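structure-v4.txt follows (compact mmCIF, C-alpha atoms):
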# COMPACT_ATOMS: atom_id res chain seq x y z
CA MET A 1 58.75 -6.76 -18.72
CA SER A 2 57.32 -10.21 -17.96
CA PHE A 3 54.92 -11.22 -15.19
CA ALA A 4 54.11 -14.32 -13.20
CA LEU A 5 50.93 -15.16 -11.34
CA GLY A 6 51.25 -15.63 -7.60
CA PHE A 7 48.80 -15.89 -4.72
CA LYS A 8 48.82 -13.68 -1.63
CA HIS A 9 46.35 -13.45 1.22
CA PRO A 10 45.04 -9.86 1.34
CA THR A 11 45.55 -8.03 4.57
CA ALA A 12 42.63 -6.61 6.55
CA GLY A 13 43.55 -3.03 5.80
CA SER A 14 44.32 -3.54 2.13
CA SER A 15 43.43 -0.61 -0.13
CA GLY A 16 44.42 -1.49 -3.70
CA PRO A 17 42.88 -1.29 -7.14
CA GLY A 18 39.65 -2.75 -5.83
CA ALA A 19 38.78 0.58 -4.25
CA GLY A 20 39.12 2.34 -7.61
CA SER A 21 37.09 -0.38 -9.31
CA GLY A 22 34.28 0.10 -6.80
CA ALA A 23 34.21 3.85 -7.46
CA THR A 24 34.13 3.28 -11.23
CA MET A 25 31.33 0.75 -11.00
CA GLU A 26 29.42 3.15 -8.77
CA ASN A 27 29.73 5.90 -11.40
CA LEU A 28 28.50 3.51 -14.11
CA GLU A 29 25.62 2.40 -11.90
CA LYS A 30 24.39 6.01 -11.66
CA GLN A 31 23.94 6.05 -15.45
CA LEU A 32 21.75 2.92 -15.27
CA ILE A 33 19.17 4.18 -12.75
CA CYS A 34 15.52 4.43 -13.83
CA PRO A 35 14.14 7.95 -13.10
CA VAL A 36 10.83 6.44 -11.96
CA CYS A 37 11.63 3.56 -9.61
CA LEU A 38 15.14 4.91 -8.79
CA GLU A 39 16.46 1.39 -9.17
CA MET A 40 18.68 -0.08 -11.86
CA PHE A 41 16.74 -0.59 -15.08
CA SER A 42 14.86 -3.87 -15.18
CA LYS A 43 14.51 -5.51 -18.57
CA PRO A 44 12.95 -4.90 -20.96
CA VAL A 45 14.21 -1.31 -21.19
CA VAL A 46 12.34 0.96 -23.63
CA ILE A 47 13.65 4.11 -25.30
CA LEU A 48 11.31 7.08 -25.69
CA PRO A 49 11.25 9.40 -28.74
CA CYS A 50 13.11 11.97 -26.61
CA GLN A 51 15.92 9.35 -26.21
CA HIS A 52 15.40 8.84 -22.44
CA ASN A 53 15.11 5.28 -21.13
CA LEU A 54 12.59 3.68 -18.78
CA CYS A 55 11.79 0.23 -17.48
CA ARG A 56 8.86 -0.92 -19.54
CA LYS A 57 6.97 -1.66 -16.32
CA CYS A 58 7.56 1.91 -15.09
CA ALA A 59 6.57 3.31 -18.48
CA ASN A 60 3.38 1.25 -18.36
CA ASP A 61 2.61 2.51 -14.82
CA ILE A 62 2.97 6.15 -15.95
CA PHE A 63 0.92 5.47 -19.06
CA GLN A 64 -1.86 3.72 -17.14
CA SER A 65 -2.06 6.56 -14.62
CA ALA A 66 -2.26 9.12 -17.46
CA ASN A 67 -4.77 7.00 -19.44
CA PRO A 68 -7.01 5.20 -16.92
CA LEU A 69 -9.59 4.30 -19.59
CA TRP A 70 -7.03 2.60 -21.87
CA HIS A 71 -7.35 -1.19 -21.59
CA SER A 72 -4.36 -3.42 -21.08
CA ARG A 73 -2.65 -5.30 -23.89
CA GLY A 74 -4.57 -8.35 -25.09
CA SER A 75 -7.94 -7.05 -23.92
CA SER A 76 -10.74 -7.80 -26.36
CA SER A 77 -12.19 -4.32 -25.77
CA ALA A 78 -8.97 -2.42 -26.43
CA THR A 79 -9.37 0.81 -28.32
CA PRO A 80 -7.90 0.95 -31.86
CA SER A 81 -5.76 4.01 -30.99
CA GLY A 82 -3.07 4.51 -28.33
CA GLY A 83 -2.67 7.16 -25.69
CA ARG A 84 -0.01 9.55 -24.51
CA PHE A 85 2.04 10.46 -21.45
CA ARG A 86 4.97 12.72 -20.58
CA CYS A 87 8.59 11.67 -20.11
CA PRO A 88 9.46 11.95 -16.39
CA SER A 89 12.93 13.31 -17.27
CA CYS A 90 12.21 16.09 -19.80
CA ARG A 91 8.36 16.28 -19.84
CA HIS A 92 8.32 15.60 -23.60
CA GLU A 93 4.94 14.28 -24.68
CA VAL A 94 5.09 10.67 -25.86
CA VAL A 95 2.32 9.61 -28.25
CA LEU A 96 1.72 5.86 -28.45
CA ASP A 97 0.03 3.74 -31.08
CA ARG A 98 -2.61 1.10 -30.44
CA HIS A 99 0.00 -1.22 -28.87
CA GLY A 100 0.61 1.16 -25.98
CA VAL A 101 4.03 0.92 -24.31
CA TYR A 102 4.54 -2.43 -26.04
CA GLY A 103 4.93 -0.46 -29.26
CA LEU A 104 7.99 1.39 -27.89
CA GLN A 105 11.38 0.24 -29.16
CA ARG A 106 13.59 -1.72 -26.77
CA ASN A 107 17.05 -0.32 -26.00
CA LEU A 108 19.10 -3.49 -26.41
CA LEU A 109 22.34 -1.56 -25.93
CA VAL A 110 21.40 -0.48 -22.39
CA GLU A 111 20.16 -4.00 -21.62
CA ASN A 112 23.51 -5.45 -22.71
CA ILE A 113 25.41 -2.91 -20.57
CA ILE A 114 23.26 -3.86 -17.58
CA ASP A 115 24.11 -7.54 -18.12
CA ILE A 116 27.84 -6.74 -18.33
CA TYR A 117 27.64 -4.49 -15.26
CA ARG A 118 25.93 -7.17 -13.21
CA GLN A 119 28.50 -9.75 -14.24
CA GLN A 120 31.34 -7.39 -13.28
CA GLU A 121 29.65 -6.45 -10.02
CA SER A 122 29.08 -10.09 -9.17
CA SER A 123 32.73 -10.86 -9.81
CA ARG A 124 33.83 -7.88 -7.71
CA LEU A 125 31.63 -8.90 -4.78
CA VAL A 126 33.01 -12.42 -4.87
CA SER A 127 36.61 -11.13 -4.89
CA MET A 128 35.89 -9.06 -1.76
CA LYS A 129 35.33 -12.21 0.37
CA PRO A 130 38.78 -13.30 1.57
CA GLU A 131 37.37 -16.25 3.46
CA GLN A 132 36.06 -17.71 0.18
CA GLN A 133 38.68 -16.55 -2.34
CA GLN A 134 42.39 -15.84 -2.39
CA GLN A 135 43.38 -12.59 -4.04
CA GLN A 136 45.40 -13.21 -7.18
CA GLN A 137 48.45 -11.00 -7.57
CA LEU A 138 50.86 -10.44 -10.43
CA MET A 139 54.45 -11.09 -9.37
CA CYS A 140 57.68 -9.83 -10.96
CA GLU A 141 59.57 -12.61 -12.74
CA GLU A 142 62.95 -10.94 -12.10
CA HIS A 143 62.18 -10.43 -8.42
CA GLU A 144 59.95 -13.36 -7.52
CA ASP A 145 58.98 -12.08 -4.09
CA GLU A 146 58.01 -8.62 -5.34
CA LYS A 147 54.48 -7.72 -6.43
CA ILE A 148 53.79 -5.55 -9.44
CA ASN A 149 52.93 -2.31 -7.67
CA ILE A 150 54.17 0.57 -9.86
CA TYR A 151 53.73 1.63 -13.49
CA CYS A 152 56.60 2.78 -15.67
CA LEU A 153 55.41 5.86 -17.54
CA SER A 154 58.46 5.87 -19.82
CA CYS A 155 58.14 2.25 -20.95
CA GLN A 156 54.32 2.09 -20.61
CA THR A 157 54.44 -1.14 -18.60
CA PRO A 158 53.73 -2.27 -15.00
CA THR A 159 56.74 -3.24 -12.88
CA CYS A 160 57.89 -3.69 -9.29
CA SER A 161 59.74 -1.44 -6.85
CA MET A 162 62.96 -3.45 -7.06
CA CYS A 163 63.07 -2.93 -10.85
CA LYS A 164 62.79 0.82 -10.22
CA VAL A 165 65.54 0.86 -7.60
CA PHE A 166 67.99 -1.69 -8.99
CA GLY A 167 66.62 -2.92 -12.33
CA GLN A 168 66.07 -1.74 -15.85
CA HIS A 169 63.55 0.98 -14.88
CA ARG A 170 65.83 2.87 -12.45
CA ASP A 171 66.12 5.86 -14.85
CA CYS A 172 62.41 5.89 -15.83
CA ASP A 173 59.46 7.94 -14.59
CA VAL A 174 57.02 5.82 -12.60
CA ALA A 175 53.67 6.22 -10.83
CA PRO A 176 51.78 4.09 -8.29
CA LEU A 177 49.95 1.28 -10.04
CA GLY A 178 46.73 2.08 -8.16
CA THR A 179 46.80 5.72 -9.35
CA VAL A 180 47.25 4.74 -12.99
CA TYR A 181 44.61 2.04 -12.58
CA MET A 182 42.04 4.47 -11.17
CA ARG A 183 42.83 7.09 -13.82
CA GLN A 184 42.37 4.62 -16.68
CA LYS A 185 39.26 3.17 -15.05
CA THR A 186 37.81 6.67 -14.88
CA GLU A 187 38.76 7.34 -18.50
CA LEU A 188 37.21 4.05 -19.58
CA SER A 189 34.03 4.77 -17.61
CA ASP A 190 33.79 8.22 -19.18
CA GLY A 191 34.44 6.69 -22.60
CA ILE A 192 31.66 4.16 -22.04
CA ALA A 193 29.26 6.91 -21.01
CA ILE A 194 30.19 8.98 -24.08
CA LEU A 195 29.81 5.92 -26.31
CA VAL A 196 26.41 5.11 -24.79
CA ALA A 197 25.27 8.69 -25.48
CA SER A 198 26.70 8.51 -28.99
CA ASN A 199 24.97 5.17 -29.64
CA ASP A 200 21.71 6.65 -28.36
CA ASN A 201 22.11 9.51 -30.84
CA VAL A 202 22.85 7.05 -33.64
CA GLN A 203 19.79 5.04 -32.68
CA ALA A 204 17.72 8.23 -32.74
CA VAL A 205 19.07 9.10 -36.20
CA ILE A 206 18.26 5.58 -37.43
CA SER A 207 14.71 5.92 -36.10
CA GLN A 208 14.38 9.25 -37.90
CA MET A 209 15.70 7.72 -41.13
CA GLU A 210 13.24 4.83 -40.83
CA ALA A 211 10.42 7.34 -40.34
CA ILE A 212 11.63 9.23 -43.42
CA CYS A 213 11.61 5.96 -45.42
CA ARG A 214 8.02 5.30 -44.40
CA THR A 215 7.04 8.85 -45.32
CA ILE A 216 8.77 8.53 -48.70
CA GLU A 217 6.85 5.31 -49.44
CA GLU A 218 3.54 6.91 -48.43
CA ASN A 219 4.22 10.04 -50.50
CA GLY A 220 5.27 7.96 -53.51
CA GLN A 221 2.10 5.87 -53.35
CA ARG A 222 -0.03 9.00 -53.01
CA GLN A 223 1.62 10.66 -56.00
CA ARG A 224 1.26 7.50 -58.11
CA GLU A 225 -2.45 7.44 -57.36
CA HIS A 226 -2.69 11.16 -58.12
CA LEU A 227 -0.91 10.71 -61.47
CA SER A 228 -3.04 7.69 -62.40
CA GLY A 229 -6.15 9.74 -61.72
CA HIS A 230 -4.97 12.47 -64.12
CA PHE A 231 -4.26 10.01 -66.92
CA GLU A 232 -7.54 8.17 -66.39
CA ARG A 233 -9.30 11.53 -66.76
CA LEU A 234 -7.41 12.20 -70.00
CA VAL A 235 -8.33 8.76 -71.34
CA SER A 236 -11.97 9.40 -70.42
CA ILE A 237 -11.95 12.74 -72.26
CA LEU A 238 -10.33 11.16 -75.33
CA GLU A 239 -12.87 8.35 -75.40
CA GLU A 240 -15.79 10.74 -75.01
CA ARG A 241 -14.50 13.04 -77.77
CA LYS A 242 -13.86 10.06 -80.07
CA GLN A 243 -17.46 8.93 -79.69
CA GLU A 244 -18.68 12.43 -80.53
CA LEU A 245 -16.54 12.65 -83.69
CA VAL A 246 -17.45 9.11 -84.78
CA GLY A 247 -21.10 10.09 -84.36
CA LEU A 248 -20.65 13.08 -86.70
CA ILE A 249 -19.08 10.86 -89.38
CA THR A 250 -21.84 8.29 -89.01
CA LYS A 251 -24.54 10.97 -89.23
CA GLU A 252 -23.22 12.41 -92.53
CA GLN A 253 -22.67 8.92 -93.93
CA ASP A 254 -26.29 8.00 -93.22
CA GLU A 255 -27.57 11.27 -94.78
CA LYS A 256 -25.57 10.75 -97.98
CA LEU A 257 -26.64 7.13 -98.25
CA LYS A 258 -30.25 8.11 -97.77
CA HIS A 259 -30.05 10.74 -100.56
CA VAL A 260 -28.30 8.46 -103.07
CA GLN A 261 -30.66 5.58 -102.33
CA SER A 262 -33.59 7.95 -102.92
CA LEU A 263 -32.17 8.85 -106.36
CA ILE A 264 -31.70 5.17 -107.11
CA ARG A 265 -35.39 4.56 -106.38
CA GLN A 266 -36.41 7.47 -108.60
CA HIS A 267 -34.25 6.27 -111.50
CA SER A 268 -35.46 2.70 -111.00
CA ASP A 269 -39.05 3.88 -111.34
CA HIS A 270 -38.11 5.85 -114.48
CA LEU A 271 -36.32 2.82 -115.89
CA GLU A 272 -39.28 0.59 -115.21
CA VAL A 273 -41.58 2.94 -117.14
CA GLY A 274 -39.10 3.04 -120.04
CA VAL A 275 -38.86 -0.73 -120.18
CA THR A 276 -42.65 -0.99 -120.20
CA LEU A 277 -42.88 1.48 -123.13
CA VAL A 278 -40.25 -0.46 -125.04
CA GLU A 279 -42.20 -3.65 -124.59
CA SER A 280 -45.42 -1.91 -125.63
CA GLY A 281 -43.69 -0.46 -128.74
CA ILE A 282 -42.37 -3.87 -129.74
CA GLN A 283 -45.83 -5.39 -129.39
CA SER A 284 -47.32 -2.52 -131.42
CA MET A 285 -44.81 -3.12 -134.19
CA GLU A 286 -46.22 -6.61 -134.57
CA GLU A 287 -49.79 -5.36 -135.11
CA PRO A 288 -50.85 -6.45 -138.65
CA HIS A 289 -53.83 -4.12 -138.94
CA MET A 290 -52.88 -0.64 -139.84
CA PRO A 291 -55.77 1.19 -138.08
CA LEU A 292 -55.03 -0.60 -134.83
CA PHE A 293 -51.33 -0.07 -135.25
CA ILE A 294 -51.77 3.65 -135.79
CA GLN A 295 -53.93 4.04 -132.72
CA SER A 296 -51.56 2.11 -130.41
CA ALA A 297 -48.44 3.69 -131.88
CA GLN A 298 -49.89 7.16 -131.42
CA ALA A 299 -50.49 6.51 -127.73
CA ILE A 300 -47.01 5.04 -127.24
CA LEU A 301 -45.37 7.96 -129.02
CA GLU A 302 -47.16 10.41 -126.75
CA LYS A 303 -45.92 8.56 -123.69
CA MET A 304 -42.42 8.50 -125.11
CA ALA A 305 -42.58 12.25 -125.69
CA VAL A 306 -43.63 12.80 -122.08
CA MET A 307 -40.86 10.50 -120.83
CA ALA A 308 -38.30 12.24 -123.03
CA ARG A 309 -39.22 15.60 -121.50
CA ALA A 310 -38.68 14.10 -118.02
CA SER A 311 -35.57 12.20 -118.98
CA LYS A 312 -33.14 14.62 -117.30
CA LEU A 313 -31.55 12.42 -114.60
CA GLU A 314 -30.43 13.92 -111.28
CA LEU A 315 -26.94 12.78 -110.29
CA PRO A 316 -24.93 13.43 -107.07
CA GLU A 317 -22.41 16.20 -107.43
CA LEU A 318 -18.84 15.32 -108.23
CA GLY A 319 -17.00 14.00 -105.16
CA TYR A 320 -20.25 13.56 -103.28
CA GLU A 321 -19.06 10.15 -102.01
CA SER A 322 -15.89 11.57 -100.45
CA MET A 323 -15.59 11.71 -96.65
CA SER A 324 -12.09 13.12 -96.60
CA HIS A 325 -13.18 16.43 -95.08
CA PHE A 326 -13.40 14.70 -91.70
CA VAL A 327 -9.81 15.53 -90.72
CA ILE A 328 -8.42 16.46 -87.31
CA ASP A 329 -4.97 17.87 -86.62
CA ILE A 330 -3.52 16.16 -83.55
CA ASP A 331 0.19 16.69 -84.20
CA ASP A 332 0.56 19.50 -81.66
CA LEU A 333 -1.67 17.75 -79.17
CA ALA A 334 0.18 14.45 -79.58
CA GLY A 335 3.45 16.28 -78.98
CA ARG A 336 2.06 17.81 -75.83
CA LEU A 337 0.88 14.42 -74.63
CA ARG A 338 4.28 12.84 -75.30
CA ASN A 339 5.99 15.67 -73.42
CA ILE A 340 3.80 15.60 -70.33
CA ASN A 341 6.21 15.85 -67.40
CA PHE A 342 6.27 16.78 -63.75
CA CYS A 343 6.29 20.46 -62.97
CA CYS A 344 8.06 22.22 -60.12
CA SER A 345 4.91 22.27 -58.03
CA VAL A 346 1.69 20.34 -57.72
CA ALA A 347 -0.28 23.45 -58.74
CA GLY A 348 1.76 23.79 -61.93
CA ASP A 349 1.30 20.09 -62.68
CA GLU A 350 -2.46 20.40 -62.38
CA GLU A 351 -2.48 23.48 -64.65
CA ASP A 352 -0.55 21.57 -67.32
CA PHE A 353 -3.03 18.72 -67.21
CA GLU A 354 -5.92 21.18 -67.41
CA GLU A 355 -4.42 22.78 -70.55
CA VAL A 356 -4.16 19.38 -72.24
CA GLU A 357 -7.73 18.57 -71.27
CA GLU A 358 -8.94 21.87 -72.79
CA GLU A 359 -7.13 21.07 -76.03
CA LEU A 360 -8.73 17.64 -76.11
CA ASP A 361 -12.13 19.26 -75.68
CA PHE A 362 -11.78 22.17 -78.12
CA GLY A 363 -8.68 21.56 -80.24
CA SER A 364 -10.18 19.02 -82.59
CA ARG A 365 -11.31 20.50 -85.92
CA PHE A 366 -12.61 19.11 -89.25

Rewrite the coordinates I just gave you, this time as C-alpha cells.
Amino acid sequence: MSFALGFKHPTAGSSGPGAGSGATMENLEKQLICPVCLEMFSKPVVILPCQHNLCRKCANDIFQSANPLWHSRGSSSATPSGGRFRCPSCRHEVVLDRHGVYGLQRNLLVENIIDIYRQQESSRLVSMKPEQQQQQQLMCEEHEDEKINIYCLSCQTPTCSMCKVFGQHRDCDVAPLGTVYMRQKTELSDGIAILVASNDNVQAVISQMEAICRTIEENGQRQREHLSGHFERLVSILEERKQELVGLITKEQDEKLKHVQSLIRQHSDHLEVGVTLVESGIQSMEEPHMPLFIQSAQAILEKMAVMARASKLELPELGYESMSHFVIDIDDLAGRLRNINFCCSVAGDEEDFEEVEEELDFGSRF
C-alpha cells in the first residue's frame, strides 16, 4: 500500500488521532510531576538514593527547612559535613555529604524525556491552531480523493475505505485508524513508563556497584596497611634478635681473646727472663778468672734451676679458638616464613603471625 501527502482543512468538529495523542501526552505528563511543587520537573532533576526524583530547587527547599543551620553552597562558613532530610514520596531518610543537595546525582534520563515531551507538546499545540497551520493528511494513491482512515489488520498497513470496499483489502479484517492509533500510543506510553522505571533500576544498580567498588578499594588499602604492619613487626623482631645473638658471639670472642692475650704476656715475661739468663751465662763463660767464674756460674745455675721448675707453659685447650658452637637452626622457621599465607579469618591470620613471632623470640638455639 502506498501513500501520498495531501492537505485538508480540518473541520470544526474534527475528532481524529489528535485526541488520542493528547490523552497519551497527558498520561506521560503525570509521570513527570514533581511531588513537591506539583509542576513538571524543572532542570536540574536529582535522583535520591530511594530512586525518587525531585527538582533540585525543591530538594534544596526541603533540605533547608530540615537543616536551618546548614549554610548555603559557596559560603565560607559552611560546615564540613552535610545534613539529612526525608523523601516526600516514601519518607526514606536521605543523608547528604558536605556538598548538600549539589552532591546528589542528576537524572539525565528524566531531563531528556522532559525535553522530548516539551518538544512534542509544542508541536501538538501548534498543530491545534487551524488559523495558523493546515492539517496534513495522508491520501490514498489508488483513490486520490480518499484519506487514509482505516487500518488493515490482516496486511498490517493503513488504507482507505474505498480499498476495503472495492480494492485489494475487501477480504481483510480492518479497524478504525484512530482506534489502532490510540491503542499503539497507549502501548508506547506504557512501554516508555516501563523503560523509565527499568532505567531507574539500572541506574540504582550502577550506583550500588560504584559504592561496592569504593568499598573494595578502601578495604584493600586497609588490609595492605594491616599486612605491612605485621611484616614490619616481624622484621623488627628479627633485627632485635640478631643484635642479641651477635652480642653473645662478640662477648665470647672478647673473653677468649683476653685469656689468650694474658697467656701471651705471661710467656713473654718468661721468655724475657730466659733470654736474660742466656746472655748472663754467655758473659760468665768469658770470665778468665776461675774464682769469679765459679761464683757467677753458681748464681746463674741456681736461676736456671728455678726457671726450669717453672718452665711448664700453660696452653689453651685444643679447639679453644673455634666458634663453631654458635649455630642456630632456622630451617623450620624459614619454611614457616616462606609459607605465610592468608587465613580464613582475620583472627586466624593474627594467630599465625603470633606463632611465627614466638618462634623468632624463643626458637633460636646454639

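Between atom CA of A:Arg224 and atom CA of A:Ile330 there is a distance of 27.3 Å.
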
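With atom CA of A:Arg183 on one side and atom CA of A:Leu108 on the other, the separation reads 28.9 Å.
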
Out of A:Glu317, A:Lys258, A:Leu238, A:Ser42, which residue has the shortest atom-to-atom distance to A:Leu333 when counting all atoms listed in the file?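 The answer is A:Leu238, which sits nearest to A:Leu333.
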
Two-atom distance - atom CA of A:Asn341, atom CA of A:Ser236 (Å):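 Taking atom CA of A:Asn341 and atom CA of A:Ser236, their separation equals 19.5 Å.
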
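Nearest residue to A:Lys303 among A:Leu277, A:Met209, A:Ser123, A:Pro68 is A:Leu277, counting all atoms listed in the file.
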
Residue with the minimum atom-to-atom distance to A:Ile47, picked from A:Ser65, A:Ala204, A:His92, A:Glu252 with all atoms listed in the file counted, is A:Ala204

Pick from A:Arg222, A:Arg309, A:His289, A:His52: nearest to A:Cys87, with all atoms listed in the file counted?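 Looking at the shortest contact to A:Cys87, the residue is A:His52.
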
Hey, what's within 8 Å of stretch 31-40 of chain A if we count all atoms listed in the file and toss same-chain stuff fewer than 3 positions away? As a compact mmCIF listing (two decimals) with C-alpha atoms, in the frame of the given file, please?
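File part-v4.txt, as written:
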# COMPACT_ATOMS: atom_id res chain seq x y z
CA ASN A 27 29.73 5.90 -11.40
CA LEU A 28 28.50 3.51 -14.11
CA ASN A 53 15.11 5.28 -21.13
CA LEU A 54 12.59 3.68 -18.78
CA CYS A 55 11.79 0.23 -17.48
CA CYS A 58 7.56 1.91 -15.09
CA PRO A 88 9.46 11.95 -16.39
CA SER A 89 12.93 13.31 -17.27
CA VAL A 110 21.40 -0.48 -22.39
CA ILE A 114 23.26 -3.86 -17.58
CA ALA A 193 29.26 6.91 -21.01

In the coordinates of the file, take the point (0.3, 2.2, -20.2) and a cut-off of 10 Å; then, counting all atoms listed in the file, name each qualifying protein, DNA or RNA residue as a ChimeraX atom specification. /A:56-68,70-73,82-85,96,99-102

Once you add 8 Å to each side, what are the centre and edge lengths of the axis-aligned box holding all listed atoms of stretch 90-103 of chain A? One decimal in Å, as lines of an AutoDock Vina configuration file, if you can.
center_x = 4.8
center_y = 6.9
center_z = -25.4
size_x = 30.8
size_y = 34.7
size_z = 27.3

Looking at only C-alpha atoms, which of A:Glu244, A:Ser322, A:Lys251, A:Gly281 is the one that sits closest to A:Ile294?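 Distance minimum relative to A:Ile294 lands on A:Gly281.
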
Any chance you could build stretch 136-150 of chain A out to N, CA and C atoms and write it as a CSV table (one decimal), in the frame of the given file?
chain,number,residue,atom,x,y,z
A,136,GLN,N,44.4,-12.9,-6.2
A,136,GLN,CA,45.4,-13.2,-7.2
A,136,GLN,C,46.2,-12.0,-7.5
A,137,GLN,N,47.5,-12.1,-7.4
A,137,GLN,CA,48.4,-11.0,-7.6
A,137,GLN,C,49.4,-11.3,-8.7
A,138,LEU,N,49.8,-10.3,-9.4
A,138,LEU,CA,50.9,-10.4,-10.4
A,138,LEU,C,52.2,-10.2,-9.8
A,139,MET,N,53.1,-11.1,-10.0
A,139,MET,CA,54.4,-11.1,-9.4
A,139,MET,C,55.5,-10.8,-10.4
A,140,CYS,N,56.6,-10.1,-10.1
A,140,CYS,CA,57.7,-9.8,-11.0
A,140,CYS,C,58.5,-11.1,-11.2
A,141,GLU,N,58.8,-11.4,-12.4
A,141,GLU,CA,59.6,-12.6,-12.7
A,141,GLU,C,61.0,-12.4,-12.4
A,142,GLU,N,61.5,-11.2,-12.4
A,142,GLU,CA,63.0,-10.9,-12.1
A,142,GLU,C,63.2,-10.9,-10.6
A,143,HIS,N,62.1,-10.4,-9.9
A,143,HIS,CA,62.2,-10.4,-8.4
A,143,HIS,C,61.0,-11.2,-7.9
A,144,GLU,N,61.1,-12.5,-7.7
A,144,GLU,CA,60.0,-13.4,-7.5
A,144,GLU,C,59.1,-13.0,-6.3
A,145,ASP,N,59.7,-12.4,-5.3
A,145,ASP,CA,59.0,-12.1,-4.1
A,145,ASP,C,58.4,-10.7,-4.1
A,146,GLU,N,58.5,-10.0,-5.2
A,146,GLU,CA,58.0,-8.6,-5.3
A,146,GLU,C,56.7,-8.6,-6.2
A,147,LYS,N,55.7,-7.9,-5.7
A,147,LYS,CA,54.5,-7.7,-6.4
A,147,LYS,C,54.6,-6.6,-7.4
A,148,ILE,N,53.9,-6.7,-8.5
A,148,ILE,CA,53.8,-5.6,-9.4
A,148,ILE,C,53.0,-4.4,-8.8
A,149,ASN,N,53.6,-3.4,-8.4
A,149,ASN,CA,52.9,-2.3,-7.7
A,149,ASN,C,53.2,-0.9,-8.2
A,150,ILE,N,54.0,-0.8,-9.3
A,150,ILE,CA,54.2,0.6,-9.9
A,150,ILE,C,54.0,0.4,-11.4
